[in-house]
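Novice: Dropping in protein.cif, with mmCIF, C-alpha atoms and all ligand atoms.
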```
data_start
#
loop_
_atom_site.group_PDB
_atom_site.id
_atom_site.type_symbol
_atom_site.label_atom_id
_atom_site.label_comp_id
_atom_site.auth_asym_id
_atom_site.auth_seq_id
_atom_site.Cartn_x
_atom_site.Cartn_y
_atom_site.Cartn_z
ATOM 1 C CA MET A 1 -25.624 -117.569 66.735
ATOM 2 C CA GLN A 2 -27.342 -117.982 63.415
ATOM 3 C CA LEU A 3 -27.371 -119.013 59.770
ATOM 4 C CA SER A 4 -27.850 -115.452 58.504
ATOM 5 C CA LEU A 5 -25.004 -113.755 56.624
ATOM 6 C CA ALA A 6 -26.523 -110.285 57.022
ATOM 7 C CA GLY A 7 -23.876 -107.558 57.048
ATOM 8 C CA GLN A 8 -21.193 -109.842 55.598
ATOM 9 C CA VAL A 9 -19.391 -109.758 52.253
ATOM 10 C CA ALA A 10 -18.578 -112.924 50.301
ATOM 11 C CA VAL A 11 -16.249 -113.397 47.337
ATOM 12 C CA VAL A 12 -17.297 -116.467 45.336
ATOM 13 C CA THR A 13 -14.989 -117.504 42.505
ATOM 14 C CA GLY A 14 -16.389 -119.092 39.386
ATOM 15 C CA ALA A 15 -19.826 -117.804 40.339
ATOM 16 C CA SER A 16 -21.270 -117.314 36.862
ATOM 17 C CA SER A 17 -22.227 -121.005 36.596
ATOM 18 C CA GLY A 18 -22.814 -124.258 38.446
ATOM 19 C CA LEU A 19 -21.949 -124.582 42.111
ATOM 20 C CA GLY A 20 -20.483 -121.087 42.387
ATOM 21 C CA ARG A 21 -23.667 -119.581 41.050
ATOM 22 C CA GLY A 22 -25.813 -121.608 43.448
ATOM 23 C CA ILE A 23 -23.624 -120.546 46.372
ATOM 24 C CA ALA A 24 -23.623 -116.866 45.357
ATOM 25 C CA GLU A 25 -27.430 -116.876 45.068
ATOM 26 C CA LEU A 26 -28.009 -118.632 48.401
ATOM 27 C CA PHE A 27 -25.486 -116.456 50.252
ATOM 28 C CA ALA A 28 -27.246 -113.365 48.884
ATOM 29 C CA GLU A 29 -30.597 -114.759 50.071
ATOM 30 C CA ALA A 30 -28.998 -115.212 53.485
ATOM 31 C CA GLY A 31 -28.112 -111.506 53.494
ATOM 32 C CA ALA A 32 -24.517 -111.365 52.248
ATOM 33 C CA ALA A 33 -23.301 -108.875 49.669
ATOM 34 C CA VAL A 34 -21.679 -111.044 47.005
ATOM 35 C CA VAL A 35 -18.783 -110.606 44.610
ATOM 36 C CA VAL A 36 -19.656 -112.789 41.626
ATOM 37 C CA ASN A 37 -16.284 -113.656 40.138
ATOM 38 C CA TYR A 38 -16.185 -114.858 36.550
ATOM 39 C CA HIS A 39 -13.452 -115.765 34.104
ATOM 40 C CA GLY A 40 -15.077 -115.476 30.675
ATOM 41 C CA GLY A 41 -18.667 -114.653 29.764
ATOM 42 C CA VAL A 42 -19.620 -111.381 31.413
ATOM 43 C CA GLU A 43 -23.276 -111.868 30.444
ATOM 44 C CA ALA A 44 -23.695 -114.989 32.602
ATOM 45 C CA ALA A 45 -22.172 -113.163 35.581
ATOM 46 C CA ALA A 46 -24.365 -110.119 34.948
ATOM 47 C CA GLU A 47 -27.413 -112.402 34.922
ATOM 48 C CA VAL A 48 -26.470 -113.781 38.354
ATOM 49 C CA VAL A 49 -26.063 -110.225 39.670
ATOM 50 C CA ARG A 50 -29.410 -109.156 38.200
ATOM 51 C CA GLY A 51 -31.130 -112.185 39.763
ATOM 52 C CA ILE A 52 -29.687 -111.340 43.181
ATOM 53 C CA GLU A 53 -30.667 -107.673 42.867
ATOM 54 C CA ALA A 54 -34.166 -108.606 41.745
ATOM 55 C CA LYS A 55 -34.615 -110.384 45.092
ATOM 56 C CA GLY A 56 -33.381 -107.325 46.982
ATOM 57 C CA GLY A 57 -29.790 -108.504 47.443
ATOM 58 C CA GLU A 58 -26.477 -106.839 46.660
ATOM 59 C CA ALA A 59 -23.860 -108.157 44.220
ATOM 60 C CA ILE A 60 -21.219 -107.098 41.723
ATOM 61 C CA ALA A 61 -19.580 -109.074 38.938
ATOM 62 C CA VAL A 62 -15.777 -108.983 38.905
ATOM 63 C CA GLN A 63 -13.691 -110.576 36.162
ATOM 64 C CA ALA A 64 -10.507 -112.341 37.273
ATOM 65 C CA ASP A 65 -8.445 -115.339 36.300
ATOM 66 C CA VAL A 66 -7.834 -116.996 39.670
ATOM 67 C CA ALA A 67 -4.435 -118.211 38.464
ATOM 68 C CA ASP A 68 -3.245 -114.614 37.933
ATOM 69 C CA PRO A 69 -2.005 -113.014 41.192
ATOM 70 C CA ASP A 70 -2.538 -109.434 39.975
ATOM 71 C CA ALA A 71 -6.086 -110.194 38.856
ATOM 72 C CA VAL A 72 -6.841 -111.838 42.211
ATOM 73 C CA ALA A 73 -5.457 -108.819 44.084
ATOM 74 C CA ARG A 74 -7.592 -106.513 41.926
ATOM 75 C CA MET A 75 -10.681 -108.628 42.644
ATOM 76 C CA PHE A 76 -10.243 -108.257 46.411
ATOM 77 C CA GLU A 77 -9.587 -104.523 45.981
ATOM 78 C CA ALA A 78 -12.803 -104.218 43.960
ATOM 79 C CA ALA A 79 -14.692 -106.118 46.677
ATOM 80 C CA ALA A 80 -13.396 -103.852 49.431
ATOM 81 C CA ALA A 81 -13.936 -100.707 47.352
ATOM 82 C CA ARG A 82 -17.578 -101.597 46.722
ATOM 83 C CA PHE A 83 -18.583 -103.264 50.001
ATOM 84 C CA GLY A 84 -15.929 -102.080 52.490
ATOM 85 C CA ALA A 85 -14.559 -105.488 53.495
ATOM 86 C CA VAL A 86 -14.484 -109.209 52.783
ATOM 87 C CA ASP A 87 -15.710 -111.699 55.404
ATOM 88 C CA ILE A 88 -15.971 -114.881 53.345
ATOM 89 C CA LEU A 89 -14.083 -116.461 50.446
ATOM 90 C CA VAL A 90 -15.455 -119.432 48.555
ATOM 91 C CA ALA A 91 -12.568 -120.637 46.373
ATOM 92 C CA ASN A 92 -14.731 -122.555 43.941
ATOM 93 C CA SER A 93 -13.299 -122.140 40.430
ATOM 94 C CA GLY A 94 -12.165 -125.373 38.860
ATOM 95 C CA ILE A 95 -11.771 -127.132 35.529
ATOM 96 C CA GLN A 96 -11.159 -130.574 34.087
ATOM 97 C CA GLN A 97 -8.867 -131.296 31.149
ATOM 98 C CA ASP A 98 -8.964 -135.066 30.910
ATOM 99 C CA ALA A 99 -6.610 -137.477 29.168
ATOM 100 C CA PRO A 100 -5.230 -140.977 29.676
ATOM 101 C CA PHE A 101 -2.000 -140.639 31.647
ATOM 102 C CA ALA A 102 0.403 -141.414 28.797
ATOM 103 C CA GLU A 103 -1.337 -138.906 26.538
ATOM 104 C CA MET A 104 -1.746 -136.099 29.066
ATOM 105 C CA THR A 105 0.223 -133.095 27.846
ATOM 106 C CA LEU A 106 2.227 -130.879 30.143
ATOM 107 C CA GLN A 107 -0.197 -128.133 29.148
ATOM 108 C CA ASP A 108 -3.162 -130.270 30.339
ATOM 109 C CA TRP A 109 -1.322 -130.758 33.620
ATOM 110 C CA HIS A 110 -0.335 -127.107 34.164
ATOM 111 C CA LYS A 111 -3.725 -125.732 33.155
ATOM 112 C CA VAL A 112 -5.633 -127.798 35.717
ATOM 113 C CA ILE A 113 -3.090 -127.411 38.520
ATOM 114 C CA SER A 114 -2.793 -123.661 38.005
ATOM 115 C CA THR A 115 -6.563 -123.066 37.973
ATOM 116 C CA ASN A 116 -7.637 -125.582 40.619
ATOM 117 C CA LEU A 117 -4.723 -125.557 43.058
ATOM 118 C CA THR A 118 -2.619 -122.428 42.474
ATOM 119 C CA GLY A 119 -5.853 -120.485 41.975
ATOM 120 C CA GLN A 120 -7.053 -121.533 45.426
ATOM 121 C CA PHE A 121 -3.649 -120.715 46.935
ATOM 122 C CA LEU A 122 -3.736 -117.196 45.478
ATOM 123 C CA CYS A 123 -7.338 -116.512 46.508
ATOM 124 C CA CYS A 124 -6.795 -117.891 50.035
ATOM 125 C CA GLN A 125 -3.669 -115.746 50.408
ATOM 126 C CA ALA A 126 -5.451 -112.596 49.232
ATOM 127 C CA ALA A 127 -8.386 -113.310 51.575
ATOM 128 C CA LEU A 128 -6.084 -113.932 54.538
ATOM 129 C CA ARG A 129 -4.225 -110.658 53.953
ATOM 130 C CA ARG A 130 -7.516 -108.803 53.786
ATOM 131 C CA PHE A 131 -8.939 -110.441 56.930
ATOM 132 C CA ARG A 132 -5.798 -109.453 58.844
ATOM 133 C CA ALA A 133 -5.776 -105.894 57.487
ATOM 134 C CA GLN A 134 -9.418 -105.209 58.315
ATOM 135 C CA GLY A 135 -9.479 -106.886 61.751
ATOM 136 C CA ARG A 136 -12.577 -107.851 63.738
ATOM 137 C CA ARG A 137 -15.919 -107.170 62.078
ATOM 138 C CA PRO A 138 -19.456 -107.244 63.397
ATOM 139 C CA HIS A 139 -21.979 -109.928 62.316
ATOM 140 C CA SER A 140 -19.557 -112.877 62.483
ATOM 141 C CA ARG A 141 -17.845 -114.690 65.327
ATOM 142 C CA ALA A 142 -14.851 -115.529 63.134
ATOM 143 C CA LEU A 143 -12.338 -112.970 61.860
ATOM 144 C CA GLY A 144 -12.821 -114.507 58.430
ATOM 145 C CA LYS A 145 -14.028 -117.672 56.738
ATOM 146 C CA ILE A 146 -12.593 -119.561 53.786
ATOM 147 C CA LEU A 147 -14.280 -122.439 52.018
ATOM 148 C CA CYS A 148 -12.269 -124.423 49.477
ATOM 149 C CA MET A 149 -14.144 -126.378 46.804
ATOM 150 C CA SER A 150 -12.603 -129.812 46.717
ATOM 151 C CA SER A 151 -14.117 -133.037 45.351
ATOM 152 C CA VAL A 152 -14.615 -136.665 46.294
ATOM 153 C CA HIS A 153 -11.509 -137.055 44.124
ATOM 154 C CA ASP A 154 -9.423 -135.723 46.982
ATOM 155 C CA ARG A 155 -9.895 -139.322 48.215
ATOM 156 C CA ILE A 156 -11.104 -141.414 45.292
ATOM 157 C CA PRO A 157 -8.472 -142.037 42.612
ATOM 158 C CA TRP A 158 -9.709 -141.182 39.095
ATOM 159 C CA ALA A 159 -8.158 -142.869 36.069
ATOM 160 C CA GLY A 160 -7.932 -140.554 33.084
ATOM 161 C CA HIS A 161 -8.154 -137.498 35.344
ATOM 162 C CA ALA A 162 -4.789 -137.564 37.147
ATOM 163 C CA ASN A 163 -4.314 -133.790 36.908
ATOM 164 C CA TYR A 164 -7.771 -133.112 38.389
ATOM 165 C CA ALA A 165 -7.432 -135.696 41.187
ATOM 166 C CA ALA A 166 -3.942 -134.392 42.025
ATOM 167 C CA SER A 167 -5.288 -130.833 42.219
ATOM 168 C CA LYS A 168 -8.089 -131.872 44.579
ATOM 169 C CA GLY A 169 -5.774 -134.035 46.706
ATOM 170 C CA GLY A 170 -3.554 -130.949 46.936
ATOM 171 C CA ILE A 171 -6.464 -128.811 48.061
ATOM 172 C CA ALA A 172 -7.032 -131.139 51.036
ATOM 173 C CA MET A 173 -3.561 -130.455 52.420
ATOM 174 C CA LEU A 174 -3.574 -126.792 51.369
ATOM 175 C CA MET A 175 -6.837 -126.319 53.268
ATOM 176 C CA GLN A 176 -5.747 -128.217 56.395
ATOM 177 C CA SER A 177 -2.312 -126.588 56.559
ATOM 178 C CA LEU A 178 -3.823 -123.128 56.208
ATOM 179 C CA ALA A 179 -6.555 -123.952 58.752
ATOM 180 C CA GLN A 180 -3.916 -125.057 61.244
ATOM 181 C CA GLU A 181 -1.832 -121.924 60.608
ATOM 182 C CA VAL A 182 -4.578 -119.327 61.055
ATOM 183 C CA ALA A 183 -7.147 -120.866 63.441
ATOM 184 C CA ALA A 184 -5.637 -119.080 66.459
ATOM 185 C CA GLU A 185 -6.409 -115.757 64.766
ATOM 186 C CA GLY A 186 -10.082 -116.703 64.591
ATOM 187 C CA ILE A 187 -10.047 -117.562 60.905
ATOM 188 C CA ARG A 188 -11.928 -120.708 59.926
ATOM 189 C CA VAL A 189 -10.851 -122.640 56.838
ATOM 190 C CA ASN A 190 -12.855 -125.641 55.633
ATOM 191 C CA ALA A 191 -13.672 -127.511 52.434
ATOM 192 C CA ILE A 192 -16.610 -129.089 50.681
ATOM 193 C CA ALA A 193 -16.044 -132.222 48.638
ATOM 194 C CA PRO A 194 -18.967 -132.685 46.254
ATOM 195 C CA GLY A 195 -19.771 -135.951 44.526
ATOM 196 C CA ALA A 196 -21.646 -135.851 41.211
ATOM 197 C CA ILE A 197 -23.605 -132.611 41.052
ATOM 198 C CA ARG A 198 -25.651 -131.546 38.036
ATOM 199 C CA THR A 199 -23.479 -128.828 36.408
ATOM 200 C CA ARG A 200 -21.811 -128.357 33.058
ATOM 201 C CA ILE A 201 -18.506 -129.814 34.345
ATOM 202 C CA ASN A 202 -20.013 -133.320 34.134
ATOM 203 C CA ALA A 203 -22.605 -132.733 31.389
ATOM 204 C CA GLY A 204 -20.648 -135.072 29.093
ATOM 205 C CA ALA A 205 -20.500 -137.895 31.652
ATOM 206 C CA ARG A 206 -24.222 -137.513 32.400
ATOM 207 C CA ALA A 207 -25.058 -137.544 28.703
ATOM 208 C CA GLU A 208 -23.146 -140.824 28.345
ATOM 209 C CA GLY A 209 -25.486 -142.400 30.886
ATOM 210 C CA GLU A 210 -26.733 -141.140 34.211
ATOM 211 C CA ALA A 211 -27.555 -144.733 35.241
ATOM 212 C CA LYS A 212 -23.833 -145.541 35.300
ATOM 213 C CA MET A 213 -23.276 -142.541 37.528
ATOM 214 C CA LEU A 214 -26.126 -143.591 39.835
ATOM 215 C CA ASP A 215 -24.372 -146.921 40.480
ATOM 216 C CA LEU A 216 -21.796 -144.841 42.344
ATOM 217 C CA ILE A 217 -24.336 -142.947 44.467
ATOM 218 C CA PRO A 218 -25.997 -144.902 47.310
ATOM 219 C CA TYR A 219 -28.559 -142.136 47.898
ATOM 220 C CA GLY A 220 -29.900 -142.757 44.382
ATOM 221 C CA ARG A 221 -29.839 -139.332 42.777
ATOM 222 C CA VAL A 222 -27.410 -136.920 41.174
ATOM 223 C CA GLY A 223 -26.848 -133.874 43.387
ATOM 224 C CA GLU A 224 -28.129 -130.400 42.605
ATOM 225 C CA PRO A 225 -26.151 -127.161 43.073
ATOM 226 C CA GLU A 226 -28.488 -126.263 45.976
ATOM 227 C CA ASP A 227 -27.333 -129.375 47.866
ATOM 228 C CA VAL A 228 -23.815 -127.959 47.866
ATOM 229 C CA ALA A 229 -24.910 -124.356 48.425
ATOM 230 C CA ARG A 230 -26.809 -125.277 51.597
ATOM 231 C CA ALA A 231 -23.769 -127.079 53.003
ATOM 232 C CA ALA A 232 -21.603 -124.071 52.080
ATOM 233 C CA LEU A 233 -23.984 -121.705 53.868
ATOM 234 C CA PHE A 234 -23.813 -123.803 57.026
ATOM 235 C CA LEU A 235 -20.005 -123.953 56.960
ATOM 236 C CA VAL A 236 -19.509 -120.196 56.627
ATOM 237 C CA SER A 237 -22.241 -119.336 59.137
ATOM 238 C CA ASP A 238 -21.867 -118.967 62.890
ATOM 239 C CA LEU A 239 -23.694 -122.294 63.280
ATOM 240 C CA ALA A 240 -20.416 -123.898 62.200
ATOM 241 C CA ASP A 241 -18.271 -121.684 64.414
ATOM 242 C CA TYR A 242 -16.380 -124.651 65.901
ATOM 243 C CA VAL A 243 -15.816 -126.365 62.532
ATOM 244 C CA VAL A 244 -12.181 -125.822 61.576
ATOM 245 C CA GLY A 245 -10.089 -127.679 58.993
ATOM 246 C CA ALA A 246 -12.908 -130.044 58.052
ATOM 247 C CA THR A 247 -13.935 -131.427 54.691
ATOM 248 C CA LEU A 248 -17.667 -131.987 54.370
ATOM 249 C CA TYR A 249 -18.494 -134.630 51.739
ATOM 250 C CA VAL A 250 -21.722 -133.704 49.951
ATOM 251 C CA ASP A 251 -21.916 -136.746 47.747
ATOM 252 C CA GLY A 252 -25.018 -138.873 48.376
ATOM 253 C CA GLY A 253 -22.688 -141.456 49.882
ATOM 254 C CA MET A 254 -20.285 -141.783 46.945
ATOM 255 C CA THR A 255 -17.323 -142.024 49.336
ATOM 256 C CA LEU A 256 -18.950 -145.058 51.007
ATOM 257 C CA TYR A 257 -17.539 -147.175 48.146
ATOM 258 C CA PRO A 258 -20.928 -148.616 47.063
ATOM 259 C CA GLY A 259 -19.172 -151.231 44.885
ATOM 260 C CA PHE A 260 -18.581 -153.112 48.147
ATOM 261 C CA ARG A 261 -22.292 -153.124 49.049
ATOM 262 C CA ASP A 262 -23.142 -156.014 46.759
ATOM 263 C CA ASN A 263 -19.774 -157.753 46.705
ATOM 264 C CA GLY A 264 -19.167 -158.347 50.420
HETATM 265 P P1 LIG A 301 -18.641 -125.163 36.236
HETATM 266 O O1 LIG A 301 -17.843 -125.444 35.037
HETATM 267 O O2 LIG A 301 -20.032 -124.711 36.073
HETATM 268 O O3 LIG A 301 -17.920 -124.115 37.170
HETATM 269 C C1 LIG A 301 -16.538 -123.850 37.168
HETATM 270 C C2 LIG A 301 -16.363 -122.351 37.228
HETATM 271 O O4 LIG A 301 -14.966 -122.030 37.324
HETATM 272 C C3 LIG A 301 -16.893 -121.665 35.958
HETATM 273 O O5 LIG A 301 -17.742 -120.599 36.322
HETATM 274 C C4 LIG A 301 -15.635 -121.155 35.278
HETATM 275 O O6 LIG A 301 -15.831 -119.966 34.551
HETATM 276 C C5 LIG A 301 -14.733 -120.926 36.473
HETATM 277 N N1 LIG A 301 -13.327 -120.869 36.078
HETATM 278 C C6 LIG A 301 -12.648 -121.727 35.279
HETATM 279 N N2 LIG A 301 -11.392 -121.298 35.114
HETATM 280 C C7 LIG A 301 -11.270 -120.150 35.846
HETATM 281 C C8 LIG A 301 -10.213 -119.234 36.080
HETATM 282 N N3 LIG A 301 -8.999 -119.419 35.547
HETATM 283 N N4 LIG A 301 -10.456 -118.160 36.880
HETATM 284 C C9 LIG A 301 -11.685 -117.946 37.422
HETATM 285 N N5 LIG A 301 -12.713 -118.790 37.240
HETATM 286 C C10 LIG A 301 -12.499 -119.879 36.461
HETATM 287 O O7 LIG A 301 -18.612 -126.509 37.117
HETATM 288 P P2 LIG A 301 -18.963 -126.747 38.658
HETATM 289 O O8 LIG A 301 -19.378 -128.137 38.764
HETATM 290 O O9 LIG A 301 -19.862 -125.690 39.173
HETATM 291 O O10 LIG A 301 -17.529 -126.618 39.341
HETATM 292 C C11 LIG A 301 -17.280 -125.784 40.451
HETATM 293 C C12 LIG A 301 -16.270 -126.451 41.369
HETATM 294 O O11 LIG A 301 -16.848 -127.623 41.929
HETATM 295 C C13 LIG A 301 -14.979 -126.893 40.686
HETATM 296 O O12 LIG A 301 -13.873 -126.609 41.547
HETATM 297 C C14 LIG A 301 -15.165 -128.379 40.543
HETATM 298 O O13 LIG A 301 -13.945 -129.073 40.504
HETATM 299 C C15 LIG A 301 -15.952 -128.683 41.804
HETATM 300 N N6 LIG A 301 -16.655 -129.958 41.774
HETATM 301 C C16 LIG A 301 -17.760 -130.134 40.975
HETATM 302 C C17 LIG A 301 -18.407 -131.359 40.986
HETATM 303 C C18 LIG A 301 -19.630 -131.632 40.163
HETATM 304 O O14 LIG A 301 -20.073 -132.773 40.115
HETATM 305 N N7 LIG A 301 -20.219 -130.662 39.521
HETATM 306 C C19 LIG A 301 -17.930 -132.398 41.794
HETATM 307 C C20 LIG A 301 -16.816 -132.181 42.580
HETATM 308 C C21 LIG A 301 -16.187 -130.950 42.568
#
```
Turn this file's structure into structure tokens for me.

Specialist:
Amino acid sequence: MQLSLAGQVAVVTGASSGLGRGIAELFAEAGAAVVVNYHGGVEAAAEVVRGIEAKGGEAIAVQADVADPDAVARMFEAAAARFGAVDILVANSGIQQDAPFAEMTLQDWHKVISTNLTGQFLCCQAALRRFRAQGRRPHSRALGKILCMSSVHDRIPWAGHANYAASKGGIAMLMQSLAQEVAAEGIRVNAIAPGAIRTRINAGARAEGEAKMLDLIPYGRVGEPEDVARAALFLVSDLADYVVGATLYVDGGMTLYPGFRDNG
């Protein structure tokens, strides 16, 4: 039983930047062949692939909008055509489109829900169908592994971000319901809920003042993509073989409600 992903194939959505990129790179270092999904910006995805190949790993870039069922199906077909199978899905793609509640347009709402929540539904469904079709594979104790990228905002309400928080709250129940449904087949479904990690999604908030952000983080630093990637590697590895339906908070203690520390 080990941390290595040698002989396994991972599809990582939104892997041309941020957390997805960090996960794709670490999984490749651990021996997985990686499908680097991207939405726009082929050059960034190609750079991730080149970086992986330069270290002796295997990867391909595959364009797909995770909210488009045909594109998702094509992505899994491309993965299987190139690498023969899929062992791991990291459903990571996500966006924010923020607005005060009264000003939030229906388009803001639909855009975030369809990328963050429907996108994960479609990718999880495609992965599940593939796991079932290909059956038992060597190199992994599980028949397949799915990791959903959630957020501390699956628990912490977030004013001005109702669409985003609703999408992440939805992912919690999507993940647990799916985990419950497929565990008996040997498929493990889990989630990671990051706190504030240094990526472009929160570049604006960090530019406004990282000190304000640090007030929310007992551990005293903003997270790095590698912090999340290492947790992701553990969860999809055989070391986590008995971890099913869990959400791992990788947040420097943000969900400990640090506001209560000094106001007890
Ligand atoms: P990011 O903006 O770098 O990454 C998001 C990725 O999703 C991008 O690569 C983007 O191209 C991709 N994407 C967007 N729409 C897509 C679509 N329709 N189809 C396919 N891909 C699409 O930001 P990030 O911080 O790396 O975010 C990754 C995930 O982590 C998101 O789900 C986000 O909600 C979650 N998250 C991030 C933080 C943080 O602090 N950075 C905290 C909690 C949760």

Novice: Would you write out, as a ChimeraX atom specification, every residue that the PyMOL selection byres (((not hetatm)) within 8 of (chain A and resi 301)) captures in this file?

Specialist: /A:13-21,37-41,63-68,91-96,114-116,119,149-153,164,168,193-202,223,225

Novice: Name every residue that the PyMOL selection byres (((chain A and resi 236) around 10) and not hetatm) selects in this structure, writing the answer as a PyMOL selection string with chains first and numbers rising.

Specialist: chain A and resi 3-5+10+27+87-90+140+142+144-147+188-190+231-235+237-241+243

Novice: For stretch 102-107 of chain A, find every residue with an atom within 9 Å (counting only C-alpha atoms), except residues of its own chain fewer than 6 positions away, and show them as a ChimeraX atom specification.

Specialist: /A:160,162-163

Novice: With distances taken over only C-alpha atoms, which residue among A:Val48, A:Ala61, A:Cys124, A:Ala54 lies nearest A:Ala73?

Specialist: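 Counting only C-alpha atoms, the residue closest to A:Ala73 is A:Cys124.
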
Novice: Given the PyMOL selection byres (((chain A and resi 57) around 8) and not hetatm) and the file above, list the residues it selects as an MDAnalysis selection string.

Specialist: chainID A and resid 28:29 31:33 52:56 58:59

Novice: Take atom CA of A:Arg141 and atom CA of A:Ile187 and report the distance between them in Å, one decimal.

Specialist: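 Separation of atom CA of A:Arg141 and atom CA of A:Ile187: 9.4 Å.
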
Novice: What is the atom CA of A:Pro258-atom CA of A:Leu216 distance in Å, reported with one decimal?

Specialist: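 Separating atom CA of A:Pro258 from atom CA of A:Leu216 is a distance of 6.1 Å.
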
Novice: Would you work out the distance separating atom CA of A:Val35 from atom CA of A:Val12, expressed in Å to one decimal?

Specialist: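 Pair atom CA of A:Val35 / atom CA of A:Val12 returns 6.1 Å.
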
Novice: Can you work out which one of A:Ala229, A:Ala166, A:Val244, A:Cys148 has the shortest atom-to-atom distance to A:Gly22, counting all atoms listed in the file?

Specialist: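 Of all the options, A:Ala229 lies closest to A:Gly22.
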
Novice: Given all atoms listed in the file as the basis, pick out the residue of A:Arg129, A:Leu143, A:Gly169, A:Val36 nearest to A:Pro157.

Specialist: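 Counting all atoms listed in the file, the residue closest to A:Pro157 is A:Gly169.
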
Novice: Have a look at A:Phe83, A:Phe76, A:Trp158, A:Tyr242 and name the one nearest to A:Ala99; count all atoms listed in the file.

Specialist: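 For A:Ala99, the nearest of the candidates is A:Trp158.
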
Novice: My list of candidates is A:Ala24, A:Val34, A:Ala211, A:Met254. Which is closest to A:Val9 when distances are computed with all atoms listed in the file?

Specialist: A:Val34

Novice: Which is closer to A:Tyr257 than all the others in A:His161, A:Arg155, A:Arg230, A:Arg132, using all atoms listed in the file?

Specialist: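 For A:Tyr257, the nearest of the given residues is A:Arg155.
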